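The file model19.txt contains compact mmCIF, C-alpha atoms:
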# COMPACT_ATOMS: atom_id res chain seq x y z
CA MET A 2 -12.79 -21.32 8.31
CA GLU A 3 -9.71 -21.15 6.13
CA LYS A 4 -7.30 -18.49 7.32
CA VAL A 5 -5.38 -16.06 5.15
CA VAL A 6 -1.69 -16.94 5.45
CA ILE A 7 0.60 -13.92 5.35
CA ALA A 8 4.38 -13.95 5.16
CA LEU A 9 5.71 -10.95 7.09
CA ASP A 10 9.23 -9.66 6.43
CA ALA A 11 10.06 -9.45 10.14
CA MET A 12 13.43 -7.75 9.54
CA GLY A 13 12.12 -5.04 7.19
CA GLY A 14 11.54 -1.50 8.44
CA ASP A 15 13.09 1.11 10.70
CA TYR A 16 11.81 -0.54 13.88
CA ALA A 17 12.16 -4.22 13.00
CA PRO A 18 11.89 -6.75 14.46
CA GLU A 19 10.30 -5.17 17.56
CA GLN A 20 7.38 -3.47 15.81
CA THR A 21 6.89 -6.08 13.09
CA VAL A 22 6.63 -8.93 15.61
CA LYS A 23 4.35 -6.90 17.88
CA GLY A 24 2.14 -6.03 14.90
CA ALA A 25 1.89 -9.70 13.94
CA VAL A 26 0.85 -10.67 17.46
CA GLU A 27 -1.72 -7.86 17.59
CA ALA A 28 -3.13 -8.98 14.24
CA VAL A 29 -3.63 -12.64 15.16
CA ASN A 30 -4.97 -11.73 18.61
CA SER A 31 -7.60 -9.40 17.14
CA SER A 32 -8.59 -11.47 14.09
CA ASP A 33 -9.36 -15.16 13.72
CA GLU A 34 -8.92 -14.91 9.94
CA ILE A 35 -5.12 -14.53 9.87
CA ARG A 36 -2.12 -16.79 10.27
CA VAL A 37 1.28 -15.08 10.08
CA ILE A 38 4.62 -16.53 9.02
CA LEU A 39 7.39 -14.37 10.51
CA VAL A 40 10.44 -14.53 8.25
CA GLY A 41 13.82 -13.43 9.54
CA LYS A 42 16.52 -14.16 12.08
CA GLN A 43 14.98 -16.82 14.27
CA ASP A 44 16.74 -15.93 17.52
CA MET A 45 15.78 -12.25 17.30
CA ILE A 46 12.16 -13.07 16.43
CA ALA A 47 11.89 -15.63 19.22
CA LYS A 48 13.18 -13.08 21.74
CA GLU A 49 10.45 -10.64 20.71
CA LEU A 50 7.72 -13.29 20.73
CA GLU A 51 8.55 -14.15 24.35
CA LYS A 52 7.05 -10.80 25.36
CA TYR A 53 3.54 -11.72 24.22
CA GLU A 54 0.72 -14.19 24.59
CA TYR A 55 -0.86 -15.57 21.43
CA ALA A 56 -2.16 -18.80 19.92
CA LYS A 57 1.00 -20.64 18.89
CA GLU A 58 -0.68 -22.18 15.85
CA ASP A 59 -1.34 -18.69 14.44
CA ILE A 60 2.31 -17.64 14.20
CA GLU A 61 5.10 -19.58 12.54
CA VAL A 62 8.75 -18.57 12.29
CA VAL A 63 10.81 -19.26 9.16
CA HIS A 64 14.52 -18.53 9.52
CA ALA A 65 16.32 -16.27 7.06
CA SER A 66 19.95 -15.43 7.73
CA GLU A 67 20.27 -12.21 5.70
CA ILE A 68 18.73 -8.74 5.70
CA ILE A 69 18.30 -6.37 2.77
CA ASP A 70 19.32 -2.94 4.04
CA MET A 71 17.88 0.36 2.84
CA GLY A 72 21.22 1.24 1.27
CA ASP A 73 21.51 -1.94 -0.79
CA VAL A 74 21.07 -1.72 -4.56
CA PRO A 75 17.69 -3.47 -5.06
CA THR A 76 18.55 -5.50 -8.17
CA VAL A 77 21.85 -6.67 -6.66
CA ALA A 78 20.31 -7.42 -3.25
CA ILE A 79 17.48 -9.55 -4.65
CA LYS A 80 19.99 -11.52 -6.74
CA ASP A 81 22.76 -11.91 -4.14
CA LYS A 82 20.85 -12.09 -0.84
CA LYS A 83 18.77 -15.15 -1.61
CA ASP A 84 18.45 -16.00 2.09
CA SER A 85 17.24 -12.53 3.05
CA SER A 86 13.97 -12.21 4.96
CA LEU A 87 12.32 -10.43 2.02
CA VAL A 88 13.34 -12.94 -0.67
CA VAL A 89 12.48 -15.96 1.50
CA ALA A 90 9.06 -14.43 2.28
CA MET A 91 8.45 -13.79 -1.41
CA ARG A 92 9.35 -17.37 -2.26
CA LEU A 93 6.66 -18.53 0.18
CA VAL A 94 4.12 -16.53 -1.84
CA ARG A 95 5.45 -17.84 -5.16
CA GLU A 96 5.32 -21.44 -3.92
CA GLY A 97 1.75 -21.06 -2.63
CA LYS A 98 2.75 -21.49 1.02
CA ALA A 99 1.53 -17.95 1.79
CA ASP A 100 -1.32 -15.93 0.29
CA ALA A 101 0.40 -12.59 0.70
CA LEU A 102 3.57 -10.78 1.71
CA VAL A 103 3.84 -7.65 3.86
CA SER A 104 7.12 -5.74 4.13
CA ALA A 105 8.16 -2.38 5.56
CA GLY A 106 11.63 -2.82 4.10
CA SER A 107 13.34 -1.28 1.08
CA THR A 108 10.74 -0.08 -1.44
CA GLY A 109 13.10 -0.72 -4.34
CA ALA A 110 13.77 -4.27 -3.20
CA VAL A 111 10.05 -4.94 -2.77
CA LEU A 112 9.36 -3.67 -6.30
CA VAL A 113 12.19 -5.65 -7.89
CA GLY A 114 11.53 -8.79 -5.85
CA GLY A 115 7.82 -8.62 -6.53
CA GLN A 116 8.43 -8.87 -10.26
CA LEU A 117 11.43 -11.24 -10.25
CA VAL A 118 10.51 -13.57 -7.38
CA VAL A 119 6.70 -13.50 -7.15
CA GLY A 120 6.27 -12.72 -10.85
CA ARG A 121 3.87 -10.64 -12.94
CA LEU A 122 0.51 -11.89 -14.16
CA LYS A 123 0.65 -12.67 -17.88
CA GLY A 124 -0.36 -9.59 -19.81
CA ILE A 125 0.44 -7.08 -17.08
CA LYS A 126 2.96 -4.60 -18.46
CA ARG A 127 3.96 -2.81 -15.23
CA PRO A 128 2.77 -3.54 -11.66
CA PRO A 129 1.90 -0.24 -9.88
CA LEU A 130 1.87 0.68 -6.19
CA ALA A 131 -1.62 1.73 -5.12
CA PRO A 132 -2.12 3.36 -1.70
CA PHE A 133 -5.31 4.98 -0.46
CA ILE A 134 -5.14 8.69 0.34
CA PRO A 135 -7.67 10.40 2.67
CA THR A 136 -10.24 12.85 1.31
CA THR A 137 -13.27 14.68 2.66
CA LYS A 138 -15.43 11.93 1.10
CA GLY A 139 -13.43 9.01 2.43
CA PHE A 140 -10.49 7.69 0.41
CA SER A 141 -9.17 7.83 -3.15
CA LEU A 142 -6.78 5.33 -4.68
CA LEU A 143 -3.53 6.87 -5.93
CA ILE A 144 -1.97 4.72 -8.64
CA ASP A 145 1.04 4.66 -9.31
CA CYS A 146 2.92 6.12 -6.32
CA GLY A 147 6.44 4.83 -6.80
CA ALA A 148 6.90 1.80 -9.01
CA ASN A 149 7.12 3.10 -12.60
CA VAL A 150 8.73 6.49 -13.21
CA ASP A 151 9.06 5.84 -16.94
CA ALA A 152 5.48 4.76 -17.60
CA ARG A 153 3.93 4.91 -21.05
CA PRO A 154 0.28 5.66 -21.97
CA GLU A 155 -0.69 1.98 -22.20
CA HIS A 156 0.71 1.44 -18.71
CA LEU A 157 -1.47 4.20 -17.27
CA VAL A 158 -4.54 2.62 -18.86
CA GLN A 159 -3.74 -0.68 -17.17
CA PHE A 160 -3.22 1.18 -13.88
CA ALA A 161 -6.72 2.61 -14.28
CA GLN A 162 -8.18 -0.84 -14.97
CA MET A 163 -6.45 -2.52 -12.02
CA GLY A 164 -7.22 0.42 -9.73
CA SER A 165 -10.92 0.27 -10.64
CA ILE A 166 -11.10 -3.44 -9.84
CA TYR A 167 -9.28 -2.95 -6.54
CA TYR A 168 -11.37 0.07 -5.47
CA GLU A 169 -14.69 -1.53 -6.42
CA ASN A 170 -14.01 -4.72 -4.50
CA VAL A 171 -12.34 -3.22 -1.42
CA MET A 172 -14.45 -0.08 -1.03
CA GLY A 173 -17.64 -1.66 -2.36
CA LYS A 174 -18.44 1.08 -4.86
CA LYS A 175 -19.60 -0.09 -8.26
CA ASN A 176 -18.12 1.60 -11.32
CA PRO A 177 -15.73 3.93 -9.43
CA THR A 178 -14.74 7.16 -11.16
CA VAL A 179 -11.28 7.36 -12.74
CA ALA A 180 -9.31 10.53 -13.47
CA LEU A 181 -5.86 11.48 -14.73
CA LEU A 182 -3.84 13.73 -12.43
CA ASN A 183 -3.01 16.81 -14.49
CA ILE A 184 -2.08 20.50 -14.31
CA GLY A 185 -5.52 21.51 -15.56
CA THR A 186 -8.88 20.11 -16.61
CA GLU A 187 -8.82 21.58 -20.13
CA GLU A 188 -8.34 19.08 -22.92
CA GLU A 189 -5.13 20.69 -24.21
CA LYS A 190 -3.44 20.71 -20.77
CA GLY A 191 -0.77 18.23 -19.69
CA ASN A 192 2.63 16.88 -20.65
CA GLN A 193 3.03 14.50 -23.59
CA LEU A 194 2.39 11.41 -21.48
CA VAL A 195 -0.93 12.75 -20.22
CA LYS A 196 -1.97 14.00 -23.68
CA ASP A 197 -1.21 10.62 -25.25
CA THR A 198 -3.03 8.77 -22.46
CA LYS A 199 -6.32 10.71 -22.65
CA PRO A 200 -7.66 9.14 -25.89
CA LEU A 201 -6.74 5.65 -24.66
CA MET A 202 -8.63 6.26 -21.41
CA LYS A 203 -11.70 7.41 -23.35
CA GLU A 204 -11.60 4.28 -25.50
CA CYS A 205 -11.24 1.90 -22.53
CA LYS A 206 -14.66 0.31 -21.95
CA ASN A 207 -14.16 -1.16 -18.48
CA ILE A 208 -13.35 2.05 -16.60
CA ASN A 209 -15.49 5.06 -15.68
CA TYR A 210 -13.15 7.75 -16.96
CA ILE A 211 -14.23 11.33 -16.10
CA GLY A 212 -11.24 13.31 -17.42
CA SER A 213 -8.48 15.21 -15.63
CA VAL A 214 -8.29 16.48 -12.06
CA GLU A 215 -5.84 18.92 -10.52
CA ALA A 216 -3.83 18.26 -7.36
CA ARG A 217 -5.88 20.79 -5.37
CA GLU A 218 -8.99 18.67 -6.02
CA LEU A 219 -7.57 15.48 -4.52
CA VAL A 220 -8.47 16.30 -0.93
CA SER A 221 -12.10 16.89 -1.89
CA GLY A 222 -12.35 13.41 -3.42
CA ALA A 223 -12.78 14.56 -7.03
CA ALA A 224 -12.36 10.97 -8.26
CA ASP A 225 -12.18 7.52 -6.71
CA VAL A 226 -9.13 6.36 -8.67
CA ILE A 227 -6.38 8.89 -9.43
CA VAL A 228 -4.00 7.75 -12.19
CA CYS A 229 -0.48 9.13 -12.65
CA GLU A 230 3.07 7.99 -13.27
CA ALA A 231 5.17 7.09 -10.26
CA PHE A 232 7.27 10.24 -9.89
CA VAL A 233 4.22 12.49 -9.62
CA GLY A 234 2.36 9.99 -7.46
CA ASN A 235 5.21 9.66 -4.98
CA VAL A 236 5.52 13.44 -4.68
CA VAL A 237 1.78 13.70 -3.99
CA LEU A 238 1.86 10.91 -1.40
CA LYS A 239 4.85 12.35 0.48
CA PHE A 240 3.25 15.82 0.41
CA PHE A 241 0.06 14.41 1.93
CA GLU A 242 2.03 12.69 4.70
CA GLY A 243 4.18 15.73 5.44
CA LEU A 244 1.29 18.18 5.38
CA ALA A 245 -0.77 16.10 7.82
CA LEU A 246 2.13 15.79 10.27
CA THR A 247 3.03 19.48 10.06
CA LEU A 248 -0.55 20.74 10.26
CA PHE A 249 -1.56 18.71 13.29
CA GLY A 250 1.81 19.30 14.97
CA SER A 251 1.48 23.07 14.56
CA LEU A 252 -2.14 22.97 15.71
CA LYS A 253 -1.18 21.06 18.85
CA GLU A 254 1.65 23.49 19.58
CA GLY A 255 -0.70 26.45 19.22
CA LEU A 256 -3.39 24.94 21.41
CA MET A 257 -0.88 24.16 24.16
CA SER A 258 0.72 27.63 24.12
CA SER A 259 -1.29 29.22 26.97
CA THR A 260 -3.84 28.46 29.65
CA ARG A 261 -6.61 30.02 27.59
CA THR A 262 -5.79 28.00 24.47
CA LYS A 263 -5.55 24.82 26.57
CA LEU A 264 -9.08 25.41 27.82
CA GLY A 265 -10.21 25.93 24.25
CA ALA A 266 -8.44 22.73 23.24
CA LEU A 267 -10.58 20.75 25.68
CA LEU A 268 -13.71 21.97 23.92
CA VAL A 269 -12.54 21.15 20.41
CA LYS A 270 -10.65 17.95 21.26
CA PRO A 271 -13.35 15.51 20.01
CA ALA A 272 -13.66 17.31 16.67
CA LEU A 273 -9.89 17.51 16.22
CA LYS A 274 -9.47 13.84 17.05
CA GLY A 275 -12.05 12.93 14.41
CA LEU A 276 -10.33 15.18 11.86
CA LYS A 277 -6.94 13.65 12.63
CA ASN A 278 -8.32 10.14 12.21
CA GLN A 279 -10.00 11.13 8.95
CA PHE A 280 -6.74 12.33 7.40
CA ASP A 281 -4.49 9.63 8.84
CA THR A 282 -2.60 8.33 5.79
CA SER A 283 -1.71 5.07 7.56
CA SER A 284 -5.24 4.04 8.51
CA GLN A 285 -5.79 1.98 5.32
CA GLY A 286 -2.63 -0.10 5.63
CA GLY A 287 0.14 -0.37 3.06
CA ALA A 288 0.26 -0.02 -0.72
CA PRO A 289 -0.38 -3.22 -2.70
CA LEU A 290 1.75 -3.89 -5.77
CA LEU A 291 -1.02 -4.81 -8.20
CA GLY A 292 -0.70 -7.18 -11.12
CA LEU A 293 1.53 -9.83 -9.55
CA LYS A 294 0.86 -13.57 -9.22
CA GLY A 295 0.50 -13.08 -5.47
CA LEU A 296 -0.30 -10.18 -3.16
CA VAL A 297 2.64 -8.01 -2.14
CA VAL A 298 1.96 -5.11 0.25
CA LYS A 299 4.52 -2.38 0.93
CA ALA A 300 4.10 -0.84 4.38
CA HIS A 301 5.74 2.44 5.34
CA GLY A 302 9.39 2.14 6.37
CA ASN A 303 8.74 3.69 9.79
CA SER A 304 5.62 1.63 10.45
CA SER A 305 4.56 1.12 14.05
CA SER A 306 3.06 -2.16 15.24
CA LYS A 307 -0.42 -0.72 14.62
CA GLU A 308 0.41 0.05 11.00
CA ILE A 309 1.84 -3.45 10.54
CA GLU A 310 -1.35 -4.88 12.03
CA ILE A 311 -3.52 -2.85 9.61
CA ALA A 312 -1.37 -3.90 6.63
CA LEU A 313 -1.74 -7.57 7.62
CA LYS A 314 -5.52 -7.26 7.96
CA GLN A 315 -5.64 -5.48 4.61
CA CYS A 316 -4.71 -8.81 3.02
CA ILE A 317 -7.96 -10.40 4.22
CA SER A 318 -10.27 -8.42 1.93
CA PHE A 319 -7.79 -8.72 -0.96
CA LYS A 320 -7.90 -12.51 -0.67
CA LYS A 321 -11.64 -12.78 0.04
CA GLN A 322 -12.57 -10.54 -2.87
CA ARG A 323 -10.26 -12.46 -5.24
CA ILE A 324 -8.64 -9.25 -6.49
CA ASN A 325 -5.83 -11.03 -8.33
CA GLU A 326 -8.23 -13.43 -10.04
CA LYS A 327 -10.48 -10.56 -11.13
CA ILE A 328 -7.53 -8.60 -12.52
CA LYS A 329 -6.48 -11.68 -14.44
CA GLU A 330 -10.00 -12.30 -15.76
CA SER A 331 -10.62 -8.68 -16.73
CA ILE A 332 -7.24 -7.62 -18.12
CA CYS A 333 -5.05 -10.61 -18.80
CA ASP A 334 -7.41 -13.10 -20.45
Hey, can you dump this file as structure tokens for me?
Amino acid sequence: MEKVVIALDAMGGDYAPEQTVKGAVEAVNSSDEIRVILVGKQDMIAKELEKYEYAKEDIEVVHASEIIDMGDVPTVAIKDKKDSSLVVAMRLVREGKADALVSAGSTGAVLVGGQLVVGRLKGIKRPPLAPFIPTTKGFSLLIDCGANVDARPEHLVQFAQMGSIYYENVMGKKNPTVALLNIGTEEEKGNQLVKDTKPLMKECKNINYIGSVEARELVSGAADVIVCEAFVGNVVLKFFEGLALTLFGSLKEGLMSSTRTKLGALLVKPALKGLKNQFDTSSQGGAPLLGLKGLVVKAHGNSSSKEIEIALKQCISFKKQRINEKIKESICD
């Protein structure tokens, strides 16, 4: 069986390389479909690898002497730090030595590097970031959540097309519903971008466009693919993450406040655990940058080893389902 080869930016993220290396080991130990190339400072990576047992043929180390820091200007860093772990990992994807890249490093650098180093598919106007967000029905795809804050109507239509292909092939739902995120469902509602996008969505034959949805409807799973420009999408995503952390933190504090509430907590613990898992924003891995010549996945900056492991495994279905090829066939040809 041919394994999916994933280049992991071992130096990217708040807890790198400890958590990135641990996540890589956990991924190859729990799946026989992955081979990981750890890219970064060889001595630091080797020190971390010494802590674990794993099949040596499943993990390779490629040295990169530089690191792109969160404070670096993305365009400058990608150009000047050519031996950074992120750029070297992206070159592996561009050269066909890796099927995918996963990084928890600088979002800006991932976005810039994805387009300049890996490259866009011909015909793709703007590659969007597309994370899954939890709903009462499962998950919706939020596209775009941070890549294109100055999007135009034709960009949003392409986001809808790419999002539909991704959702259908990863979630297994034929003809997923597509909606524009808006301030109301009435036809006259929305800013100029939304108003100009609506007729283009209606004319697009290869998406199942159902109209507009409001932010309050997202949690109920009002649509499978939620389309918006990056500023709005990023606000929504960060709100989801913050609300989940605050809600469950406050709930835990309340349940632990007295002996009586602690006894009650024992009774509801299974239900609360299930609810927490259902609305865990990290359970579906990172956000792929769709429309590139290779798969690039942006994991959260504070990713734990478990989140890195999930992001790595996320690349398996992307590769198996030929997402890039289908985007190219459907949109670019």
(Q) Show me, as number ranges by chain, the residues that have an atom within 12 Å of Arg217 of chain A when counting all atoms listed in the file, minus same-chain residues fewer than 3 positions from it. (A) A: 136, 182-186, 213-214, 220-223, 237, 240-241
Restricting the output to C-alpha atoms, write the selected residues as an mmCIF file, keeping the file's coordinate frame.
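Result written to selection.cif:
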data_model
loop_
_atom_site.group_PDB
_atom_site.id
_atom_site.type_symbol
_atom_site.label_atom_id
_atom_site.label_comp_id
_atom_site.auth_asym_id
_atom_site.auth_seq_id
_atom_site.Cartn_x
_atom_site.Cartn_y
_atom_site.Cartn_z
ATOM 1 C CA THR A 136 -10.240 12.850 1.310
ATOM 2 C CA LEU A 182 -3.840 13.730 -12.430
ATOM 3 C CA ASN A 183 -3.010 16.810 -14.490
ATOM 4 C CA ILE A 184 -2.080 20.500 -14.310
ATOM 5 C CA GLY A 185 -5.520 21.510 -15.560
ATOM 6 C CA THR A 186 -8.880 20.110 -16.610
ATOM 7 C CA SER A 213 -8.480 15.210 -15.630
ATOM 8 C CA VAL A 214 -8.290 16.480 -12.060
ATOM 9 C CA VAL A 220 -8.470 16.300 -0.930
ATOM 10 C CA SER A 221 -12.100 16.890 -1.890
ATOM 11 C CA GLY A 222 -12.350 13.410 -3.420
ATOM 12 C CA ALA A 223 -12.780 14.560 -7.030
ATOM 13 C CA VAL A 237 1.780 13.700 -3.990
ATOM 14 C CA PHE A 240 3.250 15.820 0.410
ATOM 15 C CA PHE A 241 0.060 14.410 1.930
#
Q) With all atoms listed in the file as the atoms that count, which of A:Ile309, A:Leu157, A:Ala17, A:Met45 lies nearest to Cys205 of chain A? A)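 Closest to Cys205 of chain A of all the choices is A:Leu157.
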Q.
What's the separation between atom CA of Cys146 of chain A and atom CA of Leu201 of chain A, in Å to one decimal place?
A. 20.7 Å
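If you look at atom CA of Val297 of chain A and atom CA of Ser104 of chain A, they are 8.0 Å away from each other.
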Q | Close residues, segment 64-79 of chain A itself excluded, 7 Å, only C-alpha atoms, min 3 positions apart in chain, as a PyMOL selection string | A | chain A and resi 12+40-43+82-86+88-89+107+109-110+113-114
Q: Counting only C-alpha atoms, figure out which residue out of A:Leu143, A:Leu256, A:Leu313, A:Ile134 gets nearest to Ile38 of chain A.
A: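 Counting only C-alpha atoms, the residue closest to Ile38 of chain A is A:Leu313.
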Is there a way to complete segment 36-49 of chain A with N, CA, C and O atoms and then write that out as a CSV table (one decimal), in the coordinates of the input?
chain,number,residue,atom,x,y,z
A,36,ARG,N,-3.3,-16.1,9.7
A,36,ARG,CA,-2.1,-16.8,10.3
A,36,ARG,C,-0.9,-16.1,9.7
A,36,ARG,O,-0.8,-15.9,8.5
A,37,VAL,N,0.1,-15.8,10.5
A,37,VAL,CA,1.3,-15.1,10.1
A,37,VAL,C,2.5,-16.0,10.1
A,37,VAL,O,2.8,-16.7,11.1
A,38,ILE,N,3.3,-15.9,9.1
A,38,ILE,CA,4.6,-16.5,9.0
A,38,ILE,C,5.7,-15.4,9.2
A,38,ILE,O,5.8,-14.6,8.3
A,39,LEU,N,6.3,-15.4,10.3
A,39,LEU,CA,7.4,-14.4,10.5
A,39,LEU,C,8.7,-14.9,9.9
A,39,LEU,O,9.2,-15.9,10.3
A,40,VAL,N,9.2,-14.1,9.0
A,40,VAL,CA,10.4,-14.5,8.2
A,40,VAL,C,11.6,-13.6,8.7
A,40,VAL,O,11.5,-12.4,8.5
A,41,GLY,N,12.7,-14.2,9.1
A,41,GLY,CA,13.8,-13.4,9.5
A,41,GLY,C,14.7,-14.2,10.5
A,41,GLY,O,14.7,-15.4,10.5
A,42,LYS,N,15.6,-13.5,11.2
A,42,LYS,CA,16.5,-14.2,12.1
A,42,LYS,C,15.8,-14.8,13.3
A,42,LYS,O,15.2,-14.1,14.1
A,43,GLN,N,15.8,-16.1,13.3
A,43,GLN,CA,15.0,-16.8,14.3
A,43,GLN,C,15.2,-16.4,15.7
A,43,GLN,O,14.3,-16.3,16.5
A,44,ASP,N,16.5,-16.3,16.1
A,44,ASP,CA,16.7,-15.9,17.5
A,44,ASP,C,16.2,-14.6,17.9
A,44,ASP,O,15.6,-14.4,19.0
A,45,MET,N,16.3,-13.6,17.0
A,45,MET,CA,15.8,-12.2,17.3
A,45,MET,C,14.3,-12.2,17.4
A,45,MET,O,13.6,-11.6,18.2
A,46,ILE,N,13.6,-13.0,16.4
A,46,ILE,CA,12.2,-13.1,16.4
A,46,ILE,C,11.7,-13.8,17.7
A,46,ILE,O,10.7,-13.3,18.3
A,47,ALA,N,12.3,-14.9,18.0
A,47,ALA,CA,11.9,-15.6,19.2
A,47,ALA,C,12.0,-14.8,20.5
A,47,ALA,O,11.1,-14.9,21.4
A,48,LYS,N,13.0,-14.0,20.6
A,48,LYS,CA,13.2,-13.1,21.7
A,48,LYS,C,12.0,-12.1,21.9
A,48,LYS,O,11.5,-11.8,23.0
A,49,GLU,N,11.6,-11.6,20.7
A,49,GLU,CA,10.4,-10.6,20.7
A,49,GLU,C,9.1,-11.4,21.0
A,49,GLU,O,8.3,-10.8,21.8
